[in-house]
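Student: So that we are looking at the same thing, I have put the structure below in structure tokens.
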Amino acid sequence: MAAAEEFLAFNPAGPAGPAAASRRRNRGPRNRKKGWKRWGGPEARLGREIGDFLEDVGLQERAAGGLISEQPNEDLFFLDTGSAPKSQPLKKKKPPQKPPRKPLHVDLVLQPLSKVPPPKNICAYQTPHGRKERRRRQFWEKKAEIGEFPRQERRLRARLARGGCGAPQKPPELGRSDPQRPFYDIWGEHNPLDAPLAGQDPWYLQQTKRLRVQRPPRLQAKPSPLPPVEVIGQGGSYNPPFQDHQELLLRALEVETRRRREEEKVERRLKVTEEPPSQEAVLREQLQGLLEEEEEEEERDEERDEEQNPPRKREQPGRKTEKQRRREKEQREKAGARARARLALQRRQGLFRLCSLRRALRLRDAELRRRRLLRDRQRRLRETAPKRLGRLRYEDAGPEVQLSEELPESLRRLRPEGSVLRDRFKSLQRRNMIEPRERAKFRRRYRVKYVEKRSFRAVTL
């Protein structure tokens, strides 16, 4: 008992120990016999002291991790070295909070007793343009996966990359007067003129007219697969091999022969015969109106014969008897049986025709391959052939060739053949870039009027 009284309490402001607890006023009921036994006598006082002691021990274990009498002085006391540093201001001690007030009974009665939660107010959760903002957020999330961010985010990242400082100072531009200025291709990919546009927002460049308009795909396709400049064969060289030069001459001869035949054909169509008319043609012309009466008499005789001998009508066959129908049915059945037997015989005999069937299949495959190659060659010819773009057809200028005696001995004596301007003009027509054209004819709008001056008219010789 004496040891319990000497125990140091955890809360100095509270009761000192069991002695103070014994001086507390007994709050138990005194008008009952039960209250007399509970709060009266030395046993009850001892029980209250033991309970207070155990409660104080539990409080010390929870707050200090053990009995305070067993804790070292370093854990219980500290050395005050002065005021706290200015960077860490002293925290003001908060006033003790009052315990929450218990709601009144009338308020508890008015609360709902249903277990079903009330419906949510949808209008309270809606935000203006919520669907639009959600789609915009999803759009930029997909763009962020490929490294594209909105303008505000890019500006923030650029500012953070610069370390939060202002725009970097650009070095002074020397321009064209700089002798160390390198040369560059204005149409190349690494063009310094396009360097300020690198990394900019495409929408911003499009709205500010700094971005080039994208060329449509239909304009990217070439109108013809032919090369812009065709390399002539070895026969067109200034010192060609003999065989190649003969082949070029043969090709030029074929072109000239074809052109000559077409000219002769047109001349034959336009040729006017100046031979005198024959006697038969003169007689036919003289009897032009006399033969009409004979033709009319022949027509009358034909009509008279048709009236005397009218055409006989075709007799309709009578109704078939049962015997005829039965015979026709038997004949049809026999013909079908013969056809089926013939087909079965051909199938049985087909087993002994395996070699011929294989040969027929190989021939068919070879024919199909030949047709496919022919179609491919015709398709390539159609692709490279000039198209009909206007009212005129494309006419090939023909090969430019020199005869064997015209070949020079050296390059200095080479005589130019053809025209570069005409060759380029024909190349544009052959590649379907311009339509075939003909030279415009000079036509006078008004007739030329010749006037003789009076001074010349007076002169007589």
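Here, A, B, ... name the chains of the structure tokens in the order displayed, residue numbers run from 1 inside each chain, and ligands are numbered from 1 in the same displayed order.
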I need the helix (DSSP H, G or I) residues of segment 154-399 of chain A per DSSP on the backbone, written as an NGL selection string.
Tutor: :A and (154-161 or 175-177 or 192-197 or 202-207 or 217-220 or 234-236 or 242-270 or 279-286 or 292-308 or 322-384)
Student: Which residues are close to segment 416-423 of chain A, i.e. within 7 Å by only C-alpha atoms, leaving aside same-chain residues fewer than 3 positions away? Reply as a PyMOL selection string.
Tutor: chain A and resi 400+426-427
Student: List the spatial neighbours of segment 247-251 of chain A as a list in words - criterion: any atom at most 8 Å away, only C-alpha atoms, same-chain residues fewer than 2 positions off excluded.
Tutor: Gly235, Gly236, Gln243, Asp244, His245, Leu253, Glu254, Val255, Pro399, Val401 and Leu403 of chain A
Student: Filtering to all heavy atoms, could you give me those residues as a compact mmCIF listing (two decimals), in the first residue's frame?
Tutor:
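New file result01.txt:
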```txt
# COMPACT_ATOMS: atom_id res chain seq x y z
N GLY A 235 23.99 2.94 -132.11
CA GLY A 235 24.05 3.28 -133.53
C GLY A 235 23.99 4.76 -133.80
O GLY A 235 24.34 5.22 -134.90
N GLY A 236 23.55 5.59 -132.84
CA GLY A 236 23.48 7.03 -133.03
C GLY A 236 24.71 7.76 -132.57
O GLY A 236 24.72 9.00 -132.52
N GLN A 243 27.48 -2.87 -136.99
CA GLN A 243 26.21 -3.59 -136.89
C GLN A 243 25.12 -2.72 -136.27
O GLN A 243 23.97 -2.69 -136.74
CB GLN A 243 26.41 -4.87 -136.04
CG GLN A 243 25.23 -5.82 -136.05
CD GLN A 243 25.00 -6.42 -137.43
OE1 GLN A 243 25.92 -6.52 -138.25
NE2 GLN A 243 23.75 -6.80 -137.69
N ASP A 244 25.46 -1.97 -135.23
CA ASP A 244 24.47 -1.10 -134.59
C ASP A 244 24.03 0.01 -135.54
O ASP A 244 22.84 0.38 -135.58
CB ASP A 244 25.05 -0.50 -133.31
CG ASP A 244 25.35 -1.56 -132.28
OD1 ASP A 244 24.74 -2.65 -132.37
OD2 ASP A 244 26.20 -1.32 -131.40
N HIS A 245 24.95 0.53 -136.34
CA HIS A 245 24.58 1.59 -137.28
C HIS A 245 23.66 1.05 -138.39
O HIS A 245 22.72 1.74 -138.82
CB HIS A 245 25.84 2.22 -137.88
CG HIS A 245 25.55 3.41 -138.73
ND1 HIS A 245 25.57 3.35 -140.12
CD2 HIS A 245 25.21 4.70 -138.39
CE1 HIS A 245 25.26 4.54 -140.60
NE2 HIS A 245 25.06 5.38 -139.58
N LEU A 253 14.64 3.22 -142.21
CA LEU A 253 14.05 2.85 -143.50
C LEU A 253 12.61 2.37 -143.33
O LEU A 253 11.73 2.70 -144.15
CB LEU A 253 14.91 1.77 -144.17
CG LEU A 253 14.41 1.23 -145.52
CD1 LEU A 253 14.34 2.36 -146.55
CD2 LEU A 253 15.27 0.09 -146.00
N GLU A 254 12.34 1.59 -142.30
CA GLU A 254 10.98 1.13 -142.05
C GLU A 254 10.04 2.29 -141.76
O GLU A 254 8.90 2.33 -142.25
CB GLU A 254 10.97 0.14 -140.89
CG GLU A 254 11.70 -1.17 -141.20
CD GLU A 254 11.75 -2.07 -139.98
OE1 GLU A 254 11.29 -1.62 -138.89
OE2 GLU A 254 12.24 -3.22 -140.12
N VAL A 255 10.49 3.26 -140.97
CA VAL A 255 9.66 4.42 -140.68
C VAL A 255 9.38 5.22 -141.95
O VAL A 255 8.23 5.63 -142.21
CB VAL A 255 10.35 5.30 -139.61
CG1 VAL A 255 9.57 6.61 -139.42
CG2 VAL A 255 10.44 4.56 -138.29
N PRO A 399 13.67 8.26 -135.87
CA PRO A 399 15.07 8.31 -135.40
C PRO A 399 15.88 9.32 -136.21
O PRO A 399 15.68 9.51 -137.42
CB PRO A 399 15.56 6.89 -135.61
CG PRO A 399 14.72 6.35 -136.72
CD PRO A 399 13.38 7.00 -136.59
N VAL A 401 19.23 9.99 -137.83
CA VAL A 401 20.27 9.11 -138.33
C VAL A 401 21.06 9.83 -139.43
O VAL A 401 20.54 10.71 -140.13
CB VAL A 401 19.65 7.79 -138.87
CG1 VAL A 401 18.71 8.08 -140.02
CG2 VAL A 401 20.69 6.78 -139.28
N LEU A 403 23.70 8.89 -142.76
CA LEU A 403 24.12 7.81 -143.64
C LEU A 403 25.58 7.46 -143.40
O LEU A 403 26.32 8.19 -142.71
CB LEU A 403 23.89 8.21 -145.09
CG LEU A 403 22.43 8.55 -145.46
CD1 LEU A 403 22.35 8.94 -146.92
CD2 LEU A 403 21.50 7.39 -145.15
```
Student: Give me the residues near segment 379-396 of chain A as a PyMOL selection string, where near means some atom within 12 Å (using only C-alpha atoms) and where sequence neighbours in that chain fewer than 2 positions away do not count.
Tutor: chain A and resi 222-227+252+255-256+259+372-377+398-400+422-423+425-438
Student: Please dump the current selection as an mmCIF file, in the first residue's frame; keep N, CA and C atoms.
Tutor:
```
data_model
loop_
_atom_site.group_PDB
_atom_site.id
_atom_site.type_symbol
_atom_site.label_atom_id
_atom_site.label_comp_id
_atom_site.auth_asym_id
_atom_site.auth_seq_id
_atom_site.Cartn_x
_atom_site.Cartn_y
_atom_site.Cartn_z
ATOM 1 N N LYS A 222 3.097 10.214 -111.813
ATOM 2 C CA LYS A 222 3.599 10.697 -113.086
ATOM 3 C C LYS A 222 2.658 10.257 -114.207
ATOM 4 N N PRO A 223 2.432 11.106 -115.198
ATOM 5 C CA PRO A 223 1.520 10.723 -116.284
ATOM 6 C C PRO A 223 2.045 9.609 -117.166
ATOM 7 N N SER A 224 3.358 9.359 -117.148
ATOM 8 C CA SER A 224 3.936 8.307 -117.989
ATOM 9 C C SER A 224 5.193 7.771 -117.321
ATOM 10 N N PRO A 225 5.422 6.446 -117.384
ATOM 11 C CA PRO A 225 6.644 5.891 -116.770
ATOM 12 C C PRO A 225 7.893 6.104 -117.608
ATOM 13 N N LEU A 226 7.774 6.729 -118.761
ATOM 14 C CA LEU A 226 8.950 6.946 -119.607
ATOM 15 C C LEU A 226 9.919 7.923 -118.953
ATOM 16 N N PRO A 227 11.215 7.741 -119.150
ATOM 17 C CA PRO A 227 12.190 8.686 -118.558
ATOM 18 C C PRO A 227 12.143 10.026 -119.282
ATOM 19 N N ALA A 252 15.180 3.307 -139.480
ATOM 20 C CA ALA A 252 14.798 4.546 -140.148
ATOM 21 C C ALA A 252 14.152 4.271 -141.510
ATOM 22 N N VAL A 255 10.494 3.257 -140.969
ATOM 23 C CA VAL A 255 9.662 4.422 -140.677
ATOM 24 C C VAL A 255 9.375 5.215 -141.946
ATOM 25 N N GLU A 256 10.368 5.398 -142.793
ATOM 26 C CA GLU A 256 10.185 6.172 -144.017
ATOM 27 C C GLU A 256 9.287 5.419 -145.007
ATOM 28 N N ARG A 259 5.678 5.737 -143.859
ATOM 29 C CA ARG A 259 5.178 7.082 -144.143
ATOM 30 C C ARG A 259 4.900 7.254 -145.644
ATOM 31 N N ARG A 372 -0.777 -14.843 -120.547
ATOM 32 C CA ARG A 372 -0.492 -13.927 -119.445
ATOM 33 C C ARG A 372 0.683 -13.013 -119.784
ATOM 34 N N LEU A 373 1.744 -13.604 -120.361
ATOM 35 C CA LEU A 373 2.877 -12.774 -120.760
ATOM 36 C C LEU A 373 2.479 -11.770 -121.840
ATOM 37 N N LEU A 374 1.613 -12.210 -122.756
ATOM 38 C CA LEU A 374 1.166 -11.299 -123.804
ATOM 39 C C LEU A 374 0.345 -10.151 -123.224
ATOM 40 N N ARG A 375 -0.515 -10.465 -122.259
ATOM 41 C CA ARG A 375 -1.293 -9.407 -121.606
ATOM 42 C C ARG A 375 -0.407 -8.439 -120.842
ATOM 43 N N ASP A 376 0.625 -8.965 -120.176
ATOM 44 C CA ASP A 376 1.542 -8.076 -119.448
ATOM 45 C C ASP A 376 2.299 -7.162 -120.412
ATOM 46 N N ARG A 377 2.749 -7.743 -121.541
ATOM 47 C CA ARG A 377 3.462 -6.925 -122.515
ATOM 48 C C ARG A 377 2.543 -5.861 -123.122
ATOM 49 N N GLY A 398 10.525 10.053 -135.463
ATOM 50 C CA GLY A 398 11.431 9.132 -136.141
ATOM 51 C C GLY A 398 12.854 9.276 -135.641
ATOM 52 N N PRO A 399 13.673 8.257 -135.874
ATOM 53 C CA PRO A 399 15.068 8.313 -135.399
ATOM 54 C C PRO A 399 15.885 9.318 -136.206
ATOM 55 N N GLU A 400 16.806 9.958 -135.515
ATOM 56 C CA GLU A 400 17.741 10.882 -136.160
ATOM 57 C C GLU A 400 18.987 10.092 -136.540
ATOM 58 N N ARG A 422 12.993 20.898 -130.446
ATOM 59 C CA ARG A 422 11.959 20.009 -130.973
ATOM 60 C C ARG A 422 11.970 18.666 -130.248
ATOM 61 N N ASP A 423 13.148 18.173 -129.910
ATOM 62 C CA ASP A 423 13.235 16.903 -129.172
ATOM 63 C C ASP A 423 12.570 17.017 -127.809
ATOM 64 N N PHE A 425 10.196 19.142 -127.001
ATOM 65 C CA PHE A 425 8.770 19.333 -127.230
ATOM 66 C C PHE A 425 8.081 17.991 -127.504
ATOM 67 N N LYS A 426 8.704 17.135 -128.302
ATOM 68 C CA LYS A 426 8.162 15.816 -128.568
ATOM 69 C C LYS A 426 8.199 14.923 -127.321
ATOM 70 N N SER A 427 9.218 15.103 -126.487
ATOM 71 C CA SER A 427 9.297 14.316 -125.250
ATOM 72 C C SER A 427 8.133 14.658 -124.321
ATOM 73 N N LEU A 428 7.785 15.940 -124.232
ATOM 74 C CA LEU A 428 6.633 16.315 -123.412
ATOM 75 C C LEU A 428 5.342 15.718 -123.959
ATOM 76 N N GLN A 429 5.178 15.670 -125.260
ATOM 77 C CA GLN A 429 3.993 15.058 -125.843
ATOM 78 C C GLN A 429 3.988 13.548 -125.632
ATOM 79 N N ARG A 430 5.154 12.909 -125.761
ATOM 80 C CA ARG A 430 5.232 11.463 -125.597
ATOM 81 C C ARG A 430 4.954 11.057 -124.153
ATOM 82 N N ARG A 431 5.300 11.907 -123.194
ATOM 83 C CA ARG A 431 5.064 11.601 -121.777
ATOM 84 C C ARG A 431 3.728 12.131 -121.265
ATOM 85 N N ASN A 432 2.807 12.503 -122.153
ATOM 86 C CA ASN A 432 1.433 12.905 -121.814
ATOM 87 C C ASN A 432 1.395 14.134 -120.920
ATOM 88 N N MET A 433 2.347 15.027 -121.078
ATOM 89 C CA MET A 433 2.352 16.247 -120.289
ATOM 90 C C MET A 433 1.694 17.407 -121.027
ATOM 91 N N ILE A 434 1.744 17.389 -122.351
ATOM 92 C CA ILE A 434 1.027 18.355 -123.171
ATOM 93 C C ILE A 434 0.404 17.598 -124.330
ATOM 94 N N GLU A 435 -0.660 18.148 -124.903
ATOM 95 C CA GLU A 435 -1.334 17.483 -126.018
ATOM 96 C C GLU A 435 -0.566 17.734 -127.311
ATOM 97 N N PRO A 436 -0.662 16.833 -128.274
ATOM 98 C CA PRO A 436 -0.035 17.064 -129.585
ATOM 99 C C PRO A 436 -0.627 18.296 -130.269
ATOM 100 N N ARG A 437 0.232 19.112 -130.868
ATOM 101 C CA ARG A 437 -0.199 20.360 -131.478
ATOM 102 C C ARG A 437 0.392 20.478 -132.881
ATOM 103 N N GLU A 438 -0.209 21.339 -133.647
ATOM 104 C CA GLU A 438 0.302 21.647 -134.972
ATOM 105 C C GLU A 438 0.562 23.142 -135.074
#
```
Student: Between atom CA of Asn73 of chain A and atom CA of Ile50 of chain A, what is the distance in Å, rounded to a tenth?
Tutor: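 Calculated distance between atom CA of Asn73 of chain A and atom CA of Ile50 of chain A is 27.8 Å.
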Student: Under the rule that only C-alpha atoms are counted, which of A:Ala335, A:Thr321, A:Arg415, A:Leu108 is the nearest residue to Ser237 of chain A?
Tutor: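 Smallest distance to Ser237 of chain A is found for A:Arg415.
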